[in-house]
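Visitor: One structure coming up, written as structure tokens, with questions to follow.
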2 protein chains.
Amino acid sequence: MAITVVGSVAFDTVETPSGRKERCLAGAATYFSLAASFFTDVRVIAVVGEDFGASEQAVFDAREIDTTGIQHAPGKTFFWQGSYLENLNEARTLQTDLNVFAGFEPKIPDAYRDSQFLFLANIDPVLQRRVREATPHAKLVAGDTMNYWIKDHKPALLEVLKGLDILLINDTETRMLAGNSNLVLAARAVMEMGPRMLVVKHGEYGATLFHKAIPGAPDSRTFKTPAFPLEQVTDPTGAGDSFGGGFFGYLASQRELTPGVFRRAMFYGSVMGSFTVERFGTERLQQLTREEIDHRFNLFRELTHLD
Amino acid sequence: MAITVVGSVAFDTVETPSGRKERCLAGAATYFSLAASFFTDVRVIAVVGEDFGASEQAVFDAREIDTTGIQHAPGKTFFWQGSYLENLNEARTLQTDLNVFAGFEPKIPDAYRDSQFLFLANIDPVLQRRVREATPHAKLVAGDTMNYWIKDHKPALLEVLKGLDILLINDTETRMLAGNSNLVLAARAVMEMGPRMLVVKHGEYGATLFHKAIPGAPDSRTFKTPAFPLEQVTDPTGAGDSFGGGFFGYLASQRELTPGVFRRAMFYGSVMGSFTVERFGTERLQQLTREEIDHRFNLFRELTHLD
């Protein structure tokens, strides 16, 4: 089944202990789409500027991603510059130029309207909500957010949460949103705000899938996955969005959404995140094969399973 | 097979967001022994003062732990006071009174000499080394350490590492000891210092077992376990020592140390750590049953395994 994703397409300049890279093709929707494209058809809604040219378009085309919904606007594409020199787990933002993103009005192409899987990547919750409302027939809706929206745009975010089946969010954001320092209780409180499932991302430590309590069996569907151990982390940018793409892409590729499918989706999410951070920007995703993904999935199973 | 453990028996006064508890029976050797006693026979080497009375002795007796090697010295037992009010993941030490521990000279009772499993809990590496040298016939030797010894007593610690099969250590300590910020590379560097296996503890995120590289299959024996999700963390003190007790206790209970046994030992370690933090000090371990342990082990398998 096809996924529609709305989010940012961007150029990133990144400094990490491994070096510096200028203007990598990046943005949440780019990482998500590339990762998800290994599992299912992907349709993107985003906006780019005049500096988004044939070579950038070719990256999406190579993965057969539908870019009908990418608007081309006068001006420059969203630009972000960050540094991981002090802390590989958290970026220090050096520059953010919204550029064409400042006036972004998501439009849903008619050809996207039958998408049953909708992913609202990390953008202004007002826009997330607009896209959600324009796709009432979506069967499964997932979304991402970040501390900025939780702190300064909470009412708008709470409206979005009501329309989500699954929220992807990190540890700190879960605690912040719920106002509770215990992660299990915080996750439960966030699910009371709307989503029936929560994927809490722990960065280099993996992720946890929480499911709304079923009376009598409250913990029966919690699922934990560690992160794949890597000898080289070149650039952590996009790990979470790639996790989202692997997770949601795998779900959309399956006929039935059984508990076992959600577990495997968590593993595919971890695997896709682990590939992304091996190189700068989306470089690794651009050169990846499905064989490599399945090989790592199997290796990951070996190093986490008792038998 | 019996385990001999050398380490501290202490009284702790602890403040956490759940409350304050005065003079809990604690110390690395206490947590370790209680946790390991659910799997095998345990023999302790430690020192206590005149304030260690019948009720404290009864805690060890109830678990049939051999305390022949606990010396009784004039003065007071080791005392530690700490607070987790600001950060549940890291204690702030408010007071440390070594008391009788300052003059501790470990003595190995003759009845302990056939122990084939030796655990050197977190104490002065000079003492760890002395105990290690006095038990040359031990079949499997594991040890723990902490940042203090790494920073200020590194030469003595390096001597201990040469005599260890397995080192238990946390993330930060692994990176500090190796001088490498990548955990996989740091773990490999630490194994070059002696131990053929490393258990890196990630606190609330679980643990990773690293194994010395086998040519051609470098990652084949890495094993990752998340932590068991808990709704209530009352007092994190002793989680790592209880992990050690579950891990090493289970190993000592098995006839053959196969890769599968090491994996299950990691799970039992996580399970024992998860019980300990539910209450203050060793309270939860004192009231635990083997049935509860196996129940949680099975639940833990369910929430980490794909099928």
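Each chain in the structure tokens gets a letter, A, B and so on, in the order shown; residues start at 1 in every chain, and ligands are counted from 1 in the order they appear.
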Just asking: which residues within range 107-145 of chain B are strand (DSSP E or B) according to DSSP, as a ChimeraX atom specification?

Guide: /B:117-120,140-144

Visitor: Show me, as number ranges by chain, the residues that have an atom within 8 Å of Arg264 in chain B when counting only C-alpha atoms, minus same-chain residues fewer than 4 positions from it.

Guide: A: 306; B: 260, 268

Visitor: Could you write out the selected residues, including C-alpha atoms, as a short mmCIF file (atom, residue, chain, number, x, y, z; two decimals), in the first residue's frame?

Guide:
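Below is the file that was written, selection-v7.cif:
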```
data_model
loop_
_atom_site.label_atom_id
_atom_site.label_comp_id
_atom_site.auth_asym_id
_atom_site.auth_seq_id
_atom_site.Cartn_x
_atom_site.Cartn_y
_atom_site.Cartn_z
CA LEU A 306 18.05 -15.90 22.99
CA GLY B 260 23.18 -19.49 24.47
CA TYR B 268 18.72 -12.89 34.03
#
```

Visitor: Residues of chain A within 6 Å of chain B, using only C-alpha atoms, as a list of chain:residue names?

Guide: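 For chain A, the answer reads A:Val184, A:Thr222, A:Phe223, A:Lys224, A:Pro226, A:Glu231, A:Arg263, A:Leu303, A:Thr304, A:Leu306.
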
Visitor: Those residues with N, CA and C atoms, as a compact mmCIF listing (two decimals), in the first residue's frame please?

Guide:
```
# COMPACT_ATOMS: atom_id res chain seq x y z
N VAL A 184 7.42 4.82 31.33
CA VAL A 184 6.26 3.96 31.13
C VAL A 184 4.97 4.74 31.43
N THR A 222 3.93 -4.24 24.76
CA THR A 222 5.15 -3.43 24.77
C THR A 222 6.23 -4.23 24.05
N PHE A 223 7.02 -3.54 23.25
CA PHE A 223 8.09 -4.23 22.55
C PHE A 223 9.34 -3.35 22.53
N LYS A 224 10.47 -3.94 22.91
CA LYS A 224 11.71 -3.16 22.98
C LYS A 224 12.71 -3.68 21.98
N PRO A 226 16.83 -2.94 20.91
CA PRO A 226 18.05 -2.15 21.10
C PRO A 226 18.42 -1.51 19.75
N GLU A 231 30.40 0.43 14.41
CA GLU A 231 31.79 0.84 14.67
C GLU A 231 32.04 2.27 14.24
N ARG A 263 6.23 -5.74 15.55
CA ARG A 263 7.56 -6.05 16.10
C ARG A 263 8.62 -6.01 15.01
N LEU A 303 21.70 -11.04 17.20
CA LEU A 303 22.35 -10.44 18.37
C LEU A 303 21.38 -9.86 19.39
N THR A 304 20.10 -10.22 19.27
CA THR A 304 19.14 -9.79 20.28
C THR A 304 18.26 -10.94 20.77
N LEU A 306 17.44 -14.87 22.14
CA LEU A 306 18.05 -15.90 22.99
C LEU A 306 18.40 -17.14 22.19
```

Visitor: Got a sec: who's within 7 Å of range 103-118 of chain A, counting only C-alpha atoms, leaving out chain neighbours fewer than 4 positions off, as a list in words?

Guide: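 Close residues of range 103-118 of chain A: Met1, Ala2, Ile3, Thr4, Val5, Arg43, Ile45, Ala46, Val47, Thr68, Gly69, Thr135, His137, Ala138, Lys139, Leu140, Val141, Ala142 and Ala252 of chain A.
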
Visitor: What would chain A look like once superposed on chain B, with the fit done by least squares over all C-alpha atoms paired in order? Give it as a short mmCIF file (atom, residue, chain, number, x, y, z; two decimals) with C-alpha atoms, in the first residue's frame.

Guide:
```cif
data_model
loop_
_atom_site.label_atom_id
_atom_site.label_comp_id
_atom_site.auth_asym_id
_atom_site.auth_seq_id
_atom_site.Cartn_x
_atom_site.Cartn_y
_atom_site.Cartn_z
CA MET A 1 28.95 -24.48 41.12
CA ALA A 2 29.67 -22.13 44.01
CA ILE A 3 30.65 -18.51 43.48
CA THR A 4 33.05 -16.63 45.72
CA VAL A 5 32.45 -12.88 45.73
CA VAL A 6 34.60 -10.21 47.35
CA GLY A 7 33.23 -6.71 47.82
CA SER A 8 31.55 -4.29 50.15
CA VAL A 9 28.79 -4.83 52.67
CA ALA A 10 27.42 -1.44 53.64
CA PHE A 11 24.66 0.63 55.12
CA ASP A 12 23.20 3.20 52.71
CA THR A 13 21.03 6.20 53.41
CA VAL A 14 19.28 7.13 50.21
CA GLU A 15 17.02 9.95 49.04
CA THR A 16 15.05 9.52 45.84
CA PRO A 17 11.88 11.10 44.44
CA SER A 18 10.04 8.20 46.13
CA GLY A 19 11.26 9.11 49.62
CA ARG A 20 14.14 8.67 52.01
CA LYS A 21 15.41 5.51 53.64
CA GLU A 22 17.94 5.37 56.48
CA ARG A 23 20.64 2.74 56.74
CA CYS A 24 19.43 0.16 54.21
CA LEU A 25 21.50 -3.02 54.17
CA ALA A 26 23.45 -2.56 50.93
CA GLY A 27 26.93 -2.71 49.36
CA ALA A 28 28.03 -4.34 46.10
CA ALA A 29 28.72 -7.76 47.65
CA THR A 30 25.30 -7.78 49.33
CA TYR A 31 23.35 -6.98 46.15
CA PHE A 32 25.48 -9.41 44.17
CA SER A 33 25.14 -12.27 46.68
CA LEU A 34 21.42 -11.95 47.14
CA ALA A 35 20.83 -11.84 43.37
CA ALA A 36 23.19 -14.74 42.63
CA SER A 37 21.78 -16.86 45.48
CA PHE A 38 18.63 -17.56 43.45
CA PHE A 39 20.78 -19.51 40.99
CA THR A 40 23.67 -21.10 42.87
CA ASP A 41 25.65 -21.29 46.15
CA VAL A 42 27.33 -18.03 47.10
CA ARG A 43 30.28 -17.39 49.43
CA VAL A 44 31.09 -13.84 50.51
CA ILE A 45 34.36 -12.17 51.48
CA ALA A 46 33.82 -8.78 53.11
CA VAL A 47 34.22 -6.86 56.35
CA VAL A 48 31.54 -5.45 58.66
CA GLY A 49 31.56 -3.50 61.93
CA GLU A 50 29.84 -3.84 65.25
CA ASP A 51 26.62 -2.30 63.88
CA PHE A 52 26.15 -5.39 61.66
CA GLY A 53 23.90 -7.47 63.88
CA ALA A 54 21.64 -10.48 63.93
CA SER A 55 19.00 -8.93 61.67
CA GLU A 56 21.59 -8.21 58.94
CA GLN A 57 23.08 -11.69 59.30
CA ALA A 58 19.59 -13.12 58.96
CA VAL A 59 19.26 -11.58 55.49
CA PHE A 60 22.23 -13.63 54.26
CA ASP A 61 21.12 -16.72 56.17
CA ALA A 62 17.64 -16.63 54.66
CA ARG A 63 19.23 -17.02 51.23
CA GLU A 64 21.70 -19.64 52.53
CA ILE A 65 24.68 -17.48 51.62
CA ASP A 66 27.97 -18.61 53.16
CA THR A 67 29.27 -15.74 55.29
CA THR A 68 32.32 -17.50 56.77
CA GLY A 69 34.43 -14.97 54.86
CA ILE A 70 32.74 -11.90 56.35
CA GLN A 71 35.17 -10.51 58.92
CA HIS A 72 33.84 -8.68 61.97
CA ALA A 73 36.01 -5.74 62.94
CA PRO A 74 35.83 -3.21 65.74
CA GLY A 75 34.14 0.02 64.60
CA LYS A 76 31.36 0.75 62.15
CA THR A 77 30.37 -0.80 58.84
CA PHE A 78 31.04 1.08 55.57
CA PHE A 79 28.42 3.82 55.24
CA TRP A 80 27.28 5.68 52.11
CA GLN A 81 24.74 8.43 51.73
CA GLY A 82 23.47 9.54 48.35
CA SER A 83 20.71 11.44 46.61
CA TYR A 84 18.89 10.80 43.35
CA LEU A 85 16.62 13.82 43.72
CA GLU A 86 18.09 15.65 40.73
CA ASN A 87 18.80 12.68 38.50
CA LEU A 88 17.38 9.19 38.90
CA ASN A 89 20.15 7.81 36.68
CA GLU A 90 23.11 9.07 38.68
CA ALA A 91 23.61 9.34 42.42
CA ARG A 92 25.03 12.44 44.05
CA THR A 93 27.23 11.22 46.89
CA LEU A 94 26.58 13.17 50.10
CA GLN A 95 28.76 11.16 52.49
CA THR A 96 31.15 8.19 52.38
CA ASP A 97 32.51 6.74 55.62
CA LEU A 98 34.83 3.85 54.84
CA ASN A 99 34.94 2.89 58.54
CA VAL A 100 36.13 -0.75 58.92
CA PHE A 101 36.52 -0.95 55.15
CA ALA A 102 39.57 1.32 55.32
CA GLY A 103 41.68 -1.47 56.78
CA PHE A 104 40.09 -4.35 54.85
CA GLU A 105 42.44 -7.26 54.17
CA PRO A 106 40.46 -9.91 52.31
CA LYS A 107 41.02 -13.43 53.69
CA ILE A 108 39.86 -16.46 51.78
CA PRO A 109 38.46 -19.18 54.06
CA ASP A 110 39.74 -22.67 53.26
CA ALA A 111 36.20 -23.81 52.61
CA TYR A 112 35.99 -21.31 49.71
CA ARG A 113 39.08 -22.57 47.92
CA ASP A 114 37.25 -24.94 45.59
CA SER A 115 35.04 -22.14 44.17
CA GLN A 116 35.40 -22.26 40.40
CA PHE A 117 33.57 -18.97 39.88
CA LEU A 118 35.09 -15.80 41.28
CA PHE A 119 33.51 -12.35 41.24
CA LEU A 120 35.56 -9.29 42.12
CA ALA A 121 32.97 -6.64 42.95
CA ASN A 122 33.81 -2.95 42.76
CA ILE A 123 36.60 -2.38 45.32
CA ASP A 124 40.21 -1.19 45.27
CA PRO A 125 41.94 -3.02 42.38
CA VAL A 126 44.86 -3.81 44.69
CA LEU A 127 42.50 -5.94 46.78
CA GLN A 128 40.83 -7.41 43.69
CA ARG A 129 44.21 -8.51 42.42
CA ARG A 130 45.19 -10.05 45.76
CA VAL A 131 42.02 -12.17 45.83
CA ARG A 132 42.48 -13.12 42.19
CA GLU A 133 46.02 -14.32 42.83
CA ALA A 134 44.93 -16.32 45.85
CA THR A 135 42.38 -18.26 43.75
CA PRO A 136 44.44 -19.53 40.83
CA HIS A 137 42.12 -22.46 40.17
CA ALA A 138 39.04 -20.35 39.41
CA LYS A 139 37.57 -21.43 36.10
CA LEU A 140 35.75 -18.17 35.35
CA VAL A 141 36.65 -14.80 36.86
CA ALA A 142 34.53 -11.69 36.45
CA GLY A 143 34.95 -8.25 37.92
CA ASP A 144 33.38 -4.84 38.19
CA THR A 145 34.99 -1.43 38.58
CA MET A 146 34.09 2.27 38.55
CA ASN A 147 35.25 5.65 37.22
CA TYR A 148 37.21 6.44 40.40
CA TRP A 149 39.60 3.51 39.90
CA ILE A 150 39.90 4.21 36.16
CA LYS A 151 40.85 7.83 36.75
CA ASP A 152 43.13 7.59 39.77
CA HIS A 153 44.29 3.96 40.01
CA LYS A 154 44.66 2.91 36.41
CA PRO A 155 47.96 0.96 36.68
CA ALA A 156 46.54 -1.22 39.47
CA LEU A 157 43.32 -1.68 37.53
CA LEU A 158 45.19 -2.72 34.38
CA GLU A 159 46.88 -5.46 36.42
CA VAL A 160 43.45 -6.73 37.50
CA LEU A 161 42.14 -6.71 33.93
CA LYS A 162 44.87 -9.16 32.90
CA GLY A 163 43.39 -11.74 35.25
CA LEU A 164 39.73 -11.33 34.27
CA ASP A 165 37.66 -13.38 31.87
CA ILE A 166 34.74 -10.93 32.00
CA LEU A 167 34.66 -7.26 32.93
CA LEU A 168 31.36 -5.61 33.86
CA ILE A 169 31.46 -1.87 33.30
CA ASN A 170 29.20 0.96 32.18
CA ASP A 171 29.19 3.00 28.92
CA THR A 172 31.03 6.03 30.24
CA GLU A 173 33.64 3.91 32.00
CA THR A 174 34.26 1.84 28.86
CA ARG A 175 34.87 5.00 26.82
CA MET A 176 37.03 6.49 29.59
CA LEU A 177 39.14 3.38 29.97
CA ALA A 178 39.70 3.01 26.22
CA GLY A 179 39.93 6.71 25.36
CA ASN A 180 37.54 6.15 22.46
CA SER A 181 34.04 7.63 22.15
CA ASN A 182 32.70 4.86 19.88
CA LEU A 183 31.40 2.14 22.19
CA VAL A 184 32.11 -0.78 19.84
CA LEU A 185 35.71 0.30 19.29
CA ALA A 186 36.14 1.17 22.98
CA ALA A 187 34.88 -2.28 24.00
CA ARG A 188 37.32 -3.90 21.62
CA ALA A 189 40.20 -1.85 23.05
CA VAL A 190 39.28 -2.81 26.62
CA MET A 191 39.24 -6.50 25.67
CA GLU A 192 42.81 -6.05 24.43
CA MET A 193 43.67 -5.21 28.06
CA GLY A 194 42.78 -8.70 29.23
CA PRO A 195 39.13 -9.77 29.52
CA ARG A 196 37.83 -11.84 26.65
CA MET A 197 34.31 -10.62 27.33
CA LEU A 198 32.83 -7.31 28.31
CA VAL A 199 29.38 -6.64 29.70
CA VAL A 200 28.68 -2.96 29.11
CA LYS A 201 25.80 -1.76 31.25
CA HIS A 202 23.60 1.03 29.83
CA GLY A 203 21.54 1.75 32.97
CA GLU A 204 17.87 2.19 32.07
CA TYR A 205 18.66 1.09 28.49
CA GLY A 206 19.94 -2.43 29.13
CA ALA A 207 23.34 -3.93 28.43
CA THR A 208 25.59 -5.29 25.68
CA LEU A 209 27.80 -8.37 25.82
CA PHE A 210 30.93 -8.04 23.71
CA HIS A 211 33.16 -10.97 22.91
CA LYS A 212 36.69 -10.88 21.60
CA ALA A 213 36.63 -10.90 17.82
CA ILE A 214 36.83 -14.26 16.15
CA PRO A 215 38.67 -13.88 12.85
CA GLY A 216 36.15 -13.82 10.02
CA ALA A 217 33.15 -13.38 12.32
CA PRO A 218 33.89 -10.32 14.44
CA ASP A 219 30.33 -9.57 15.54
CA SER A 220 29.03 -13.07 15.86
CA ARG A 221 28.81 -13.09 19.62
CA THR A 222 27.73 -9.55 20.45
CA PHE A 223 24.46 -9.70 22.32
CA LYS A 224 22.18 -6.83 23.29
CA THR A 225 19.46 -6.79 25.88
CA PRO A 226 17.20 -3.82 26.60
CA ALA A 227 16.11 -3.12 30.19
CA PHE A 228 12.80 -4.34 31.53
CA PRO A 229 10.31 -1.42 31.45
CA LEU A 230 9.20 -0.42 34.95
CA GLU A 231 6.38 1.82 36.09
CA GLN A 232 8.10 2.54 39.37
CA VAL A 233 11.80 3.04 40.00
CA THR A 234 12.12 3.62 43.73
CA ASP A 235 15.89 3.44 44.24
CA PRO A 236 18.39 2.72 41.44
CA THR A 237 21.21 1.81 43.89
CA GLY A 238 22.55 -1.69 43.34
CA ALA A 239 21.00 -2.26 39.91
CA GLY A 240 24.40 -2.97 38.37
CA ASP A 241 25.54 -5.26 41.19
CA SER A 242 22.25 -7.16 41.01
CA PHE A 243 22.70 -7.47 37.26
CA GLY A 244 26.13 -8.95 38.02
CA GLY A 245 24.62 -11.40 40.50
CA GLY A 246 21.93 -12.58 38.09
CA PHE A 247 24.36 -12.79 35.20
CA PHE A 248 27.18 -14.61 37.00
CA GLY A 249 24.85 -16.65 39.21
CA TYR A 250 23.10 -18.06 36.17
CA LEU A 251 26.42 -18.84 34.45
CA ALA A 252 27.65 -20.70 37.55
CA SER A 253 24.46 -22.75 37.64
CA GLN A 254 24.99 -24.17 34.16
CA ARG A 255 27.01 -27.22 33.20
CA GLU A 256 28.35 -25.81 29.99
CA LEU A 257 29.07 -22.20 29.11
CA THR A 258 27.64 -22.12 25.60
CA PRO A 259 26.86 -18.88 23.71
CA GLY A 260 23.17 -19.51 24.47
CA VAL A 261 23.94 -19.69 28.20
CA PHE A 262 25.68 -16.30 28.05
CA ARG A 263 22.64 -14.80 26.30
CA ARG A 264 20.27 -16.10 28.94
CA ALA A 265 22.66 -14.88 31.63
CA MET A 266 22.34 -11.35 30.19
CA PHE A 267 18.56 -11.64 30.44
CA TYR A 268 18.73 -12.89 34.03
CA GLY A 269 21.05 -10.00 34.82
CA SER A 270 18.54 -7.49 33.47
CA VAL A 271 15.71 -9.18 35.33
CA MET A 272 17.54 -9.09 38.68
CA GLY A 273 18.47 -5.43 38.21
CA SER A 274 14.85 -4.61 37.43
CA PHE A 275 13.64 -6.17 40.68
CA THR A 276 16.22 -4.38 42.83
CA VAL A 277 15.22 -0.87 41.79
CA GLU A 278 11.55 -1.44 42.63
CA ARG A 279 12.22 -0.85 46.36
CA PHE A 280 14.85 0.74 48.58
CA GLY A 281 18.17 -1.02 49.15
CA THR A 282 18.01 -4.81 49.04
CA GLU A 283 14.37 -4.95 50.21
CA ARG A 284 13.02 -6.36 46.98
CA LEU A 285 15.76 -9.00 46.66
CA GLN A 286 15.08 -10.08 50.24
CA GLN A 287 11.45 -10.81 49.41
CA LEU A 288 11.86 -12.25 45.95
CA THR A 289 11.04 -15.79 44.79
CA ARG A 290 12.48 -17.85 41.96
CA GLU A 291 8.96 -18.06 40.50
CA GLU A 292 8.80 -14.28 40.18
CA ILE A 293 12.19 -14.29 38.49
CA ASP A 294 11.18 -16.88 35.92
CA HIS A 295 7.86 -15.17 35.31
CA ARG A 296 9.62 -11.89 34.55
CA PHE A 297 12.24 -13.65 32.43
CA ASN A 298 9.46 -15.04 30.24
CA LEU A 299 7.68 -11.69 30.04
CA PHE A 300 10.98 -10.07 29.10
CA ARG A 301 11.51 -12.58 26.33
CA GLU A 302 8.02 -11.81 24.99
CA LEU A 303 8.64 -8.09 24.84
CA THR A 304 11.98 -8.36 23.07
CA HIS A 305 11.57 -11.27 20.67
CA LEU A 306 10.07 -11.13 17.20
CA ASP A 307 8.21 -14.42 17.45
#
```

Visitor: Taking the chain letters and numbering used in this document, name the residues of range 34-256 of chain A that DSSP puts in helix (DSSP H, G or I), as a PyMOL selection string.

Guide: chain A and resi 34-36+54-62+99-103+110-112+125-133+147-152+154-162+171-178+183-191+203-205+239-252
